[in-house]
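Structure data (CSV, C-alpha atoms) from my_file-v4.csv:
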chain,number,residue,atom,x,y,z
A,1,MET,CA,52.0,-154.8,-129.3
A,2,SER,CA,51.0,-151.2,-129.1
A,3,THR,CA,48.5,-150.0,-126.5
A,4,LEU,CA,46.4,-146.9,-126.3
A,5,THR,CA,49.2,-144.9,-124.7
A,6,ASP,CA,52.4,-145.9,-126.5
A,7,HIS,CA,51.6,-144.9,-130.1
A,8,GLY,CA,54.2,-142.2,-130.0
A,9,ASP,CA,57.9,-142.6,-130.6
A,10,PRO,CA,59.9,-140.1,-128.4
A,11,ALA,CA,63.1,-141.0,-130.2
A,12,ALA,CA,61.7,-140.0,-133.6
A,13,GLY,CA,60.5,-136.7,-132.1
A,14,ALA,CA,63.9,-136.0,-130.7
A,15,ALA,CA,65.5,-136.9,-134.1
A,16,LEU,CA,63.2,-134.5,-135.9
A,17,HIS,CA,64.1,-131.7,-133.5
A,18,ALA,CA,67.8,-132.5,-133.8
A,19,ALA,CA,67.5,-132.2,-137.6
A,20,PHE,CA,65.7,-128.7,-137.3
A,21,PRO,CA,66.9,-127.3,-134.0
A,22,GLU,CA,66.3,-123.7,-135.1
A,23,VAL,CA,62.7,-123.9,-136.3
A,24,THR,CA,61.1,-126.6,-134.1
A,25,THR,CA,60.4,-126.8,-130.4
A,26,GLU,CA,61.5,-129.8,-128.5
A,27,ALA,CA,59.2,-132.8,-128.8
A,28,CYS,CA,56.8,-133.1,-125.9
A,29,GLU,CA,55.0,-136.2,-125.0
A,30,TYR,CA,51.5,-136.3,-123.6
A,31,ARG,CA,49.7,-139.6,-122.9
A,32,GLY,CA,51.9,-141.3,-125.4
A,33,ASP,CA,51.5,-138.8,-128.2
A,34,VAL,CA,54.6,-137.1,-129.4
A,35,THR,CA,54.1,-133.5,-130.6
A,36,LEU,CA,56.4,-131.0,-132.2
A,37,ASN,CA,55.8,-127.3,-132.8
A,38,VAL,CA,57.2,-126.0,-136.0
A,39,GLN,CA,57.4,-122.5,-137.5
A,40,PRO,CA,54.9,-122.1,-140.4
A,41,ALA,CA,57.5,-121.3,-143.0
A,42,HIS,CA,59.4,-124.5,-142.3
A,43,GLU,CA,56.5,-126.8,-141.9
A,44,LEU,CA,56.8,-128.4,-145.3
A,45,GLU,CA,60.5,-129.3,-145.0
A,46,VAL,CA,60.1,-130.7,-141.5
A,47,ILE,CA,57.2,-133.0,-142.6
A,48,ARG,CA,59.1,-134.0,-145.7
A,49,HIS,CA,62.0,-134.9,-143.5
A,50,ALA,CA,59.7,-137.0,-141.3
A,51,ARG,CA,58.3,-138.7,-144.3
A,52,ASP,CA,61.6,-139.4,-146.1
A,53,GLU,CA,64.1,-139.9,-143.3
A,54,LEU,CA,62.0,-141.1,-140.4
A,55,GLY,CA,59.5,-143.3,-142.2
A,56,TYR,CA,56.3,-141.4,-141.4
A,57,SER,CA,54.9,-142.1,-144.8
A,58,LEU,CA,51.2,-141.9,-144.2
A,59,LEU,CA,49.2,-138.7,-143.7
A,60,ILE,CA,46.5,-139.5,-141.2
A,61,ASP,CA,44.9,-136.1,-140.7
A,62,ARG,CA,45.4,-132.4,-141.0
A,63,PHE,CA,43.0,-130.2,-139.0
A,64,GLY,CA,42.7,-126.8,-137.5
A,65,ALA,CA,42.1,-125.4,-134.0
A,66,ASP,CA,41.0,-121.9,-132.8
A,67,ARG,CA,42.5,-120.7,-129.5
A,68,GLY,CA,39.9,-117.9,-129.2
A,69,GLU,CA,39.4,-114.4,-130.4
A,70,ASP,CA,41.8,-112.9,-127.9
A,71,ALA,CA,44.6,-115.3,-128.4
A,72,ASP,CA,47.6,-114.3,-130.6
A,73,PRO,CA,48.7,-116.3,-132.4
A,74,ARG,CA,45.2,-117.6,-132.7
A,75,PHE,CA,45.1,-120.6,-135.1
A,76,ASP,CA,46.8,-124.0,-135.1
A,77,VAL,CA,47.1,-126.3,-138.0
A,78,ILE,CA,47.9,-129.8,-136.8
A,79,THR,CA,49.2,-132.6,-138.9
A,80,LEU,CA,49.2,-136.3,-137.9
A,81,VAL,CA,51.6,-138.6,-139.7
A,82,TYR,CA,52.0,-142.3,-139.3
A,83,ASN,CA,54.9,-144.8,-139.6
A,84,LEU,CA,53.6,-148.0,-141.0
A,85,GLU,CA,56.9,-149.9,-140.2
A,86,THR,CA,56.8,-149.1,-136.4
A,87,ASP,CA,53.1,-148.4,-136.0
A,88,LYS,CA,53.9,-145.1,-134.4
A,89,ARG,CA,52.5,-141.7,-135.0
A,90,LEU,CA,53.7,-138.2,-134.8
A,91,THR,CA,51.9,-134.9,-134.3
A,92,ILE,CA,53.3,-131.8,-136.0
A,93,CYS,CA,51.7,-128.5,-135.0
A,94,THR,CA,52.1,-125.1,-136.5
A,95,THR,CA,50.7,-121.9,-135.1
A,96,LEU,CA,49.4,-119.0,-137.2
A,97,GLY,CA,48.7,-115.4,-136.2
A,98,GLY,CA,46.5,-112.7,-137.7
A,99,ALA,CA,42.9,-112.4,-138.6
A,100,GLU,CA,43.5,-113.9,-142.1
A,101,PRO,CA,46.1,-116.6,-141.4
A,102,GLU,CA,47.9,-118.2,-144.3
A,103,THR,CA,50.4,-121.0,-144.6
A,104,PRO,CA,51.9,-123.1,-147.5
A,105,THR,CA,49.9,-126.1,-148.7
A,106,LEU,CA,51.1,-129.6,-147.7
A,107,ILE,CA,50.1,-131.0,-151.1
A,108,PRO,CA,53.7,-131.2,-152.5
A,109,VAL,CA,54.5,-133.6,-149.7
A,110,PHE,CA,51.2,-135.4,-149.2
A,111,ARG,CA,48.7,-135.2,-152.1
A,112,GLY,CA,46.0,-136.3,-149.7
A,113,ALA,CA,46.2,-133.1,-147.8
A,114,ASP,CA,43.9,-131.6,-150.5
A,115,TRP,CA,40.5,-132.1,-148.8
A,116,PHE,CA,41.8,-131.7,-145.3
A,117,GLU,CA,43.0,-128.2,-146.2
A,118,ARG,CA,39.8,-127.3,-147.9
A,119,GLU,CA,38.0,-128.3,-144.7
A,120,ILE,CA,40.3,-126.1,-142.6
A,121,TRP,CA,39.8,-123.2,-145.0
A,122,ASP,CA,36.0,-123.8,-144.8
A,123,MET,CA,35.8,-124.1,-141.1
A,124,TYR,CA,38.5,-121.7,-139.8
A,125,GLY,CA,39.4,-119.5,-142.8
A,126,VAL,CA,43.0,-120.5,-142.9
A,127,ARG,CA,44.3,-120.0,-146.4
A,128,PHE,CA,46.8,-122.4,-147.9
A,129,SER,CA,49.0,-120.7,-150.5
A,130,GLY,CA,49.7,-122.9,-153.5
A,131,HIS,CA,46.6,-125.1,-153.0
A,132,PRO,CA,45.3,-125.8,-156.5
A,133,ASP,CA,41.5,-125.8,-155.6
A,134,LEU,CA,40.9,-124.0,-152.3
A,135,ARG,CA,37.1,-124.1,-152.3
A,136,ARG,CA,34.7,-124.7,-149.4
A,137,ILE,CA,34.1,-128.4,-148.9
A,138,LEU,CA,31.3,-128.8,-146.3
A,139,MET,CA,29.4,-125.5,-146.4
A,140,PRO,CA,27.7,-124.1,-149.5
A,141,ASP,CA,30.0,-122.0,-151.7
A,142,ASN,CA,28.2,-118.7,-150.8
A,143,PHE,CA,28.3,-119.3,-147.1
A,144,PRO,CA,29.4,-116.0,-145.5
A,145,ALA,CA,31.5,-117.1,-142.5
A,146,HIS,CA,33.9,-119.7,-141.1
A,147,PRO,CA,31.7,-121.5,-138.7
A,148,LEU,CA,34.2,-123.2,-136.4
A,149,ARG,CA,35.7,-119.9,-135.4
A,150,ARG,CA,34.9,-119.3,-131.7
A,151,GLU,CA,32.8,-116.1,-132.3
A,152,TYR,CA,30.4,-117.8,-134.7
A,153,PRO,CA,27.3,-119.0,-132.9
A,154,VAL,CA,26.5,-122.7,-133.3
A,155,GLU,CA,22.8,-121.9,-134.2
A,156,GLY,CA,24.0,-119.8,-137.1
A,157,GLU,CA,23.4,-116.1,-137.9
A,158,GLY,CA,21.9,-114.1,-140.7
A,159,ASP,CA,20.4,-116.2,-143.4
A,160,TYR,CA,21.6,-119.3,-141.7
A,161,ALA,CA,20.2,-118.6,-138.2
A,162,ALA,CA,18.0,-121.2,-136.7
A,163,PRO,CA,14.6,-119.8,-135.6
A,164,LYS,CA,14.0,-119.3,-131.9
A,165,ARG,CA,12.3,-122.4,-130.7
A,166,ALA,CA,9.6,-122.8,-128.0
A,167,LEU,CA,11.0,-125.0,-125.3
A,168,GLY,CA,9.0,-126.1,-122.3
A,169,GLY,CA,7.1,-122.8,-121.9
A,170,ALA,CA,9.7,-120.6,-123.6
A,171,VAL,CA,8.1,-117.7,-125.4
A,172,ASP,CA,9.5,-115.9,-128.5
A,173,THR,CA,9.5,-112.1,-127.8
A,174,ALA,CA,9.4,-109.3,-130.4
A,175,ASP,CA,13.0,-108.4,-130.0
A,176,GLY,CA,14.1,-111.9,-130.8
A,177,SER,CA,15.2,-112.9,-127.3
A,178,VAL,CA,13.6,-116.0,-125.7
A,179,SER,CA,12.1,-115.8,-122.3
A,180,VAL,CA,12.3,-119.1,-120.6
A,181,ASN,CA,9.6,-119.9,-118.2
A,182,TYR,CA,10.3,-123.6,-117.5
A,183,THR,CA,9.8,-125.5,-114.3
A,184,PRO,CA,10.7,-129.1,-114.5
A,185,THR,CA,8.1,-131.4,-113.0
A,186,GLU,CA,9.2,-133.8,-110.4
A,187,GLU,CA,9.1,-137.4,-111.6
A,188,PRO,CA,6.7,-139.5,-109.7
A,189,GLY,CA,8.4,-141.8,-107.3
A,190,SER,CA,11.6,-139.8,-107.2
A,191,THR,CA,13.2,-139.5,-103.8
A,192,GLY,CA,14.0,-135.9,-104.2
A,193,GLY,CA,17.3,-134.3,-104.9
A,194,GLU,CA,18.3,-131.1,-106.6
A,195,GLY,CA,15.5,-128.5,-106.3
A,196,SER,CA,13.2,-130.4,-104.0
A,197,GLU,CA,12.3,-128.8,-100.7
B,1,MET,CA,-21.9,-158.0,-155.0
B,2,THR,CA,-18.9,-160.3,-155.4
B,3,ASP,CA,-20.8,-163.4,-154.4
B,4,SER,CA,-23.1,-163.0,-157.3
B,5,ASP,CA,-20.3,-162.5,-159.8
B,6,PRO,CA,-19.4,-165.7,-161.6
B,7,ASN,CA,-16.1,-164.3,-162.8
B,8,VAL,CA,-14.6,-163.5,-159.4
B,9,PRO,CA,-14.2,-166.2,-156.7
B,10,SER,CA,-15.2,-164.7,-153.5
B,11,ASP,CA,-12.1,-165.9,-151.7
B,12,VAL,CA,-9.8,-164.0,-154.0
B,13,ILE,CA,-11.4,-160.6,-153.9
B,14,GLY,CA,-13.0,-160.1,-150.5
B,15,THR,CA,-15.6,-157.5,-149.6
B,16,ALA,CA,-13.0,-155.4,-147.8
B,17,ARG,CA,-11.0,-154.8,-150.9
B,18,THR,CA,-13.8,-154.6,-153.4
B,19,GLU,CA,-16.0,-152.1,-151.5
B,20,PRO,CA,-13.6,-149.1,-151.4
B,21,LEU,CA,-12.6,-149.8,-154.9
B,22,ARG,CA,-16.2,-149.8,-156.0
B,23,ALA,CA,-16.7,-146.5,-154.2
B,24,GLU,CA,-13.7,-144.7,-155.5
B,25,MET,CA,-14.3,-145.8,-159.1
B,26,MET,CA,-18.1,-145.2,-158.8
B,27,LEU,CA,-18.9,-148.6,-160.1
B,28,PRO,CA,-22.5,-149.4,-160.5
B,29,GLU,CA,-24.0,-151.9,-158.1
B,30,ARG,CA,-23.6,-155.0,-160.3
B,31,GLN,CA,-20.1,-154.4,-161.4
B,32,THR,CA,-16.9,-155.6,-159.7
B,33,ALA,CA,-13.2,-155.0,-159.7
B,34,THR,CA,-12.8,-157.0,-162.9
B,35,GLY,CA,-14.8,-154.4,-164.8
B,36,LEU,CA,-17.3,-157.0,-165.8
B,37,ASN,CA,-20.9,-157.0,-165.0
B,38,ASP,CA,-23.5,-159.7,-165.6
B,39,GLU,CA,-24.2,-158.3,-169.1
B,40,GLY,CA,-20.6,-158.2,-170.4
B,41,GLY,CA,-17.3,-156.4,-170.5
B,42,PHE,CA,-17.7,-152.7,-169.7
B,43,PHE,CA,-17.8,-150.4,-166.7
B,44,ILE,CA,-18.6,-146.8,-166.1
B,45,SER,CA,-16.3,-144.5,-164.1
B,46,ARG,CA,-14.8,-141.0,-164.2
B,47,VAL,CA,-11.5,-140.6,-165.9
B,48,ASP,CA,-10.3,-138.6,-162.9
B,49,ALA,CA,-11.0,-141.6,-160.7
B,50,LEU,CA,-9.3,-144.0,-163.0
B,51,ILE,CA,-6.2,-141.8,-163.2
B,52,ASP,CA,-6.1,-141.4,-159.4
B,53,TRP,CA,-6.5,-145.1,-158.9
B,54,SER,CA,-3.6,-145.9,-161.2
B,55,ARG,CA,-1.4,-143.2,-159.8
B,56,LYS,CA,-1.9,-144.0,-156.2
B,57,ASN,CA,-1.2,-147.7,-156.6
B,58,SER,CA,2.0,-147.3,-158.4
B,59,LEU,CA,3.9,-144.6,-156.6
B,60,TRP,CA,7.6,-144.8,-157.4
B,61,PRO,CA,9.6,-143.3,-154.6
B,62,LEU,CA,12.9,-141.6,-154.9
B,63,PRO,CA,14.5,-142.2,-151.5
B,64,LEU,CA,16.8,-139.3,-150.7
B,65,GLY,CA,18.6,-141.0,-147.9
B,66,LEU,CA,20.5,-138.3,-146.1
B,67,SER,CA,21.2,-140.1,-142.8
B,68,CYS,CA,20.0,-142.8,-140.5
B,69,CYS,CA,16.3,-142.5,-141.6
B,70,ALA,CA,17.5,-144.1,-144.9
B,71,ILE,CA,18.2,-147.3,-143.0
B,72,GLU,CA,14.7,-147.4,-141.7
B,73,PHE,CA,13.4,-146.7,-145.1
B,74,MET,CA,15.3,-149.7,-146.4
B,75,ALA,CA,13.5,-151.8,-143.7
B,76,THR,CA,10.2,-150.3,-144.9
B,77,ALA,CA,11.0,-151.3,-148.5
B,78,SER,CA,12.3,-154.8,-147.8
B,79,SER,CA,10.4,-158.0,-147.1
B,80,LYS,CA,9.3,-157.7,-143.5
B,81,PHE,CA,7.3,-154.5,-143.9
B,82,ASP,CA,7.1,-154.9,-147.7
B,83,MET,CA,6.2,-151.6,-149.3
B,84,ALA,CA,5.3,-153.6,-152.4
B,85,ARG,CA,1.9,-154.2,-150.8
B,86,PHE,CA,1.1,-150.6,-151.8
B,87,GLY,CA,2.7,-150.7,-155.2
B,88,ALA,CA,5.5,-148.5,-154.1
B,89,GLU,CA,8.4,-151.0,-154.1
B,90,VAL,CA,10.1,-149.6,-157.2
B,91,ALA,CA,12.6,-147.2,-155.6
B,92,ARG,CA,14.1,-145.1,-158.4
B,93,PHE,CA,17.3,-143.1,-158.0
B,94,SER,CA,16.6,-141.1,-161.1
B,95,PRO,CA,14.2,-138.1,-160.6
B,96,ARG,CA,12.9,-138.6,-164.1
B,97,GLN,CA,11.4,-142.0,-163.1
B,98,ALA,CA,10.0,-141.2,-159.7
B,99,ASP,CA,6.8,-139.5,-158.4
B,100,VAL,CA,7.4,-139.4,-154.6
B,101,LEU,CA,10.4,-137.8,-153.2
B,102,ILE,CA,11.1,-139.2,-149.7
B,103,VAL,CA,13.5,-137.0,-147.9
B,104,ALA,CA,14.9,-139.3,-145.2
B,105,GLY,CA,17.4,-137.7,-142.9
B,106,THR,CA,19.3,-134.5,-142.0
B,107,CYS,CA,19.3,-132.0,-144.8
B,108,THR,CA,22.3,-129.7,-144.7
B,109,TYR,CA,22.3,-126.4,-146.6
B,110,LYS,CA,24.8,-127.9,-149.1
B,111,MET,CA,22.6,-130.9,-149.6
B,112,ALA,CA,19.5,-128.6,-149.9
B,113,GLU,CA,20.8,-127.3,-153.2
B,114,ALA,CA,21.0,-130.9,-154.6
B,115,SER,CA,17.7,-131.9,-153.1
B,116,LYS,CA,15.9,-128.9,-154.7
B,117,ARG,CA,17.5,-129.8,-158.0
B,118,VAL,CA,16.4,-133.4,-157.7
B,119,TYR,CA,12.8,-132.3,-156.9
B,120,ASP,CA,12.8,-129.8,-159.9
B,121,GLN,CA,13.9,-132.6,-162.2
B,122,MET,CA,11.0,-134.9,-161.2
B,123,ALA,CA,8.1,-134.9,-163.7
B,124,GLU,CA,4.7,-133.8,-162.6
B,125,PRO,CA,2.7,-135.0,-160.8
B,126,LYS,CA,5.0,-135.4,-157.8
B,127,TRP,CA,4.7,-135.5,-154.1
B,128,VAL,CA,7.1,-135.1,-151.1
B,129,LEU,CA,7.2,-137.2,-147.9
B,130,CYS,CA,9.3,-135.6,-145.2
B,131,MET,CA,10.7,-138.5,-143.1
B,132,GLY,CA,11.9,-138.0,-139.5
B,133,ALA,CA,12.6,-135.1,-137.1
B,134,CYS,CA,15.6,-133.8,-138.9
B,135,ALA,CA,13.9,-133.3,-142.3
B,136,SER,CA,10.8,-131.9,-140.6
B,137,SER,CA,12.4,-129.4,-138.3
B,138,GLY,CA,16.2,-129.8,-138.2
B,139,GLY,CA,15.6,-132.2,-135.3
B,140,MET,CA,18.4,-132.1,-132.7
B,141,TYR,CA,20.6,-130.2,-135.1
B,142,ARG,CA,19.8,-126.6,-134.2
B,143,SER,CA,22.8,-125.6,-136.2
B,144,TYR,CA,24.2,-123.3,-138.8
B,145,SER,CA,24.7,-126.2,-141.2
B,146,VAL,CA,21.3,-127.9,-141.1
B,147,VAL,CA,18.2,-126.6,-142.8
B,148,GLN,CA,15.6,-126.2,-140.1
B,149,GLY,CA,12.9,-128.2,-142.0
B,150,ILE,CA,12.9,-129.0,-145.7
B,151,ASP,CA,9.6,-127.2,-146.0
B,152,ASN,CA,11.8,-124.1,-146.3
B,153,PHE,CA,12.4,-125.1,-149.9
B,154,LEU,CA,10.1,-128.1,-150.8
B,155,PRO,CA,6.3,-128.4,-150.8
B,156,VAL,CA,5.9,-131.2,-148.3
B,157,ASP,CA,2.8,-133.4,-148.5
B,158,PHE,CA,3.2,-135.4,-145.3
B,159,TYR,CA,5.5,-135.2,-142.3
B,160,ILE,CA,6.5,-138.5,-140.6
B,161,SER,CA,7.3,-138.2,-137.0
B,162,GLY,CA,10.1,-140.2,-135.3
B,163,CYS,CA,13.8,-140.3,-134.9
B,164,PRO,CA,14.0,-142.4,-137.0
B,165,PRO,CA,10.3,-143.2,-137.7
B,166,ARG,CA,9.2,-146.8,-137.4
B,167,PRO,CA,8.5,-148.5,-140.8
B,168,GLU,CA,4.8,-148.7,-139.9
B,169,ASN,CA,4.8,-145.0,-139.6
B,170,VAL,CA,6.3,-144.6,-143.1
B,171,LEU,CA,3.7,-147.0,-144.5
B,172,ASN,CA,1.1,-144.9,-142.7
B,173,ALA,CA,2.2,-141.8,-144.5
B,174,LEU,CA,2.3,-143.6,-147.7
B,175,MET,CA,-1.3,-144.7,-147.2
B,176,LYS,CA,-2.3,-141.1,-146.2
B,177,LEU,CA,-0.6,-140.0,-149.5
B,178,GLN,CA,-2.7,-142.5,-151.4
B,179,GLU,CA,-5.8,-141.1,-149.8
B,180,LYS,CA,-4.8,-137.6,-150.8
B,181,ILE,CA,-4.1,-138.7,-154.3
B,182,SER,CA,-7.5,-140.4,-154.6
B,183,ARG,CA,-9.1,-137.1,-153.8
B,184,GLU,CA,-7.3,-135.2,-156.6
B,185,ARG,CA,-9.1,-134.3,-159.8
B,186,PRO,CA,-6.3,-134.2,-162.4
B,187,LEU,CA,-8.7,-133.5,-165.3
B,188,SER,CA,-11.8,-131.8,-164.0
B,189,GLY,CA,-9.8,-129.6,-161.7
Take the structure in the file and give it back as structure tokens.
Amino acid sequence: MSTLTDHGDPAAGAALHAAFPEVTTEACEYRGDVTLNVQPAHELEVIRHARDELGYSLLIDRFGADRGEDADPRFDVITLVYNLETDKRLTICTTLGGAEPETPTLIPVFRGADWFEREIWDMYGVRFSGHPDLRRILMPDNFPAHPLRREYPVEGEGDYAAPKRALGGAVDTADGSVSVNYTPTEEPGSTGGEGSE
Amino acid sequence: MTDSDPNVPSDVIGTARTEPLRAEMMLPERQTATGLNDEGGFFISRVDALIDWSRKNSLWPLPLGLSCCAIEFMATASSKFDMARFGAEVARFSPRQADVLIVAGTCTYKMAEASKRVYDQMAEPKWVLCMGACASSGGMYRSYSVVQGIDNFLPVDFYISGCPPRPENVLNALMKLQEKISRERPLSG
């Protein structure tokens, strides 16, 4: 029976690395998850090999990550595949550099990668070459940015900026900054703690 | 009064229900809700009042259930809270057949396009109830993806507070809307 920390299969990770020693890193294991880094140009053949030869026949997820503006390479595209025979899963990660990263689409291997890749494009601006329908999926079509990039503010900007909001005595000022003048009141019956004299 | 009317048993139509009805339809003293007075079958009213009366008691809502408020709306519509008591039980999912748009939940920018189109497709007269914190102001989603209040693109008649609002609160807004409709003058302006 599988538990929370043994859903990876180190042997499969080692086998995948042995099949592509030049273009993959050695599989690493963290809390039961087995992860392999692969060069972007070879991602497709590595995942196809995992599907056809190692039995990882189900695409669970494909998602992006942003390491921050200063990092280079900056973006990760991470693919989770699952082996229904052994109930094990495998993480395959590829790392992309540049301000406008691009990588081949996974659709030839897993048709279900379609919407996952649209989401990565929408949120991080990673292009998938060969994708038949690479439109935004969550944001409106005319949205001007890729909002999960680190530099994008969570409250939005431009037309999509949330208005400054009064909060416990906060006052909107003319230059758009918010001056906060908020003193928390002590709850009756509290025995004191942070901030109490 | 009802007790002098032979056509209406006093236990069926009580004073509490008849009196406001008489007032809003401007019925003469000796008439009742049946439209009959002692002399025979007619009553006098304004057409405005008659239209308002029929509109406000058969509001057909289009529940635009965008998130968890929709669950509370379902409770409002079903038997325990029973929105049918106000003639508003016919939830329609076609804008052509609805007169109240109830925006129940978090409206994202992408959904805003669809919501506006649904509202535009509804036939006049139409009203909008804004249900819950998210629809009213963005709620806890102070975010690039959520419209900070549907009044940015829809003319809201009543805002319903709560996260999500209690069904009683939704019914309260519905009754407020009925009051508002009964003050309208569709013909005389």
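Between chain B and the residues A:Pro140, A:Gly55, A:Gly97, A:Gly13, the shortest atom-to-atom distance, using only C-alpha atoms, involves A:Pro140.
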10 Å contacts from chain A to chain B using all atoms listed in the file, as a list of chain:residue names: A:Ile137, A:Leu138, A:Met139, A:Pro140, A:Asp141, A:Asn142, A:Phe143, A:Pro147, A:Tyr152, A:Pro153, A:Val154, A:Glu155, A:Gly156, A:Glu157, A:Gly158, A:Asp159, A:Tyr160, A:Ala161, A:Ala162, A:Pro163, A:Lys164, A:Arg165
Test item: residues at most 9 Å from Asp6 (chain A), all atoms listed in the file, excluding those fewer than 6 positions along its chain, as a PDB file with C-alpha atoms, in the coordinates of the input:
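This is the output file around-v6.pdb:
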ATOM      1  CA  ARG A  31      49.700-139.600-122.900  1.00  0.00           C
ATOM      2  CA  GLY A  32      51.900-141.300-125.400  1.00  0.00           C
ATOM      3  CA  ASP A  33      51.500-138.800-128.200  1.00  0.00           C
ATOM      4  CA  LYS A  88      53.900-145.100-134.400  1.00  0.00           C
TER       5      LYS A  88
END
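Shell of Leu154 (chain B) at 8 Å, with only C-alpha atoms counted and residues fewer than 2 places along the chain excluded, is Lys116, Tyr119, Val128, Ile150, Asp151, Asn152 and Val156 of chain B.
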Skipping near chain neighbours, those fewer than 3 positions away, what residues fall within 10 Å of Tyr159 (chain B) using only C-alpha atoms, listed as a PDB file with C-alpha atoms, in the coordinates of the input?
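As a result, out_23.pdb now contains:
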ATOM      1  CA  VAL B 103      13.500-137.000-147.900  1.00  0.00           C
ATOM      2  CA  VAL B 128       7.100-135.100-151.100  1.00  0.00           C
ATOM      3  CA  LEU B 129       7.200-137.200-147.900  1.00  0.00           C
ATOM      4  CA  CYS B 130       9.300-135.600-145.200  1.00  0.00           C
ATOM      5  CA  MET B 131      10.700-138.500-143.100  1.00  0.00           C
ATOM      6  CA  GLY B 132      11.900-138.000-139.500  1.00  0.00           C
ATOM      7  CA  ALA B 133      12.600-135.100-137.100  1.00  0.00           C
ATOM      8  CA  ALA B 135      13.900-133.300-142.300  1.00  0.00           C
ATOM      9  CA  SER B 136      10.800-131.900-140.600  1.00  0.00           C
ATOM     10  CA  SER B 137      12.400-129.400-138.300  1.00  0.00           C
ATOM     11  CA  ASP B 151       9.600-127.200-146.000  1.00  0.00           C
ATOM     12  CA  VAL B 156       5.900-131.200-148.300  1.00  0.00           C
ATOM     13  CA  GLY B 162      10.100-140.200-135.300  1.00  0.00           C
ATOM     14  CA  VAL B 170       6.300-144.600-143.100  1.00  0.00           C
ATOM     15  CA  ALA B 173       2.200-141.800-144.500  1.00  0.00           C
TER      16      ALA B 173
END
In Å to one decimal, how far is CA of Trp121 (chain A) from CA of Thr105 (chain A)? 11.1 Å
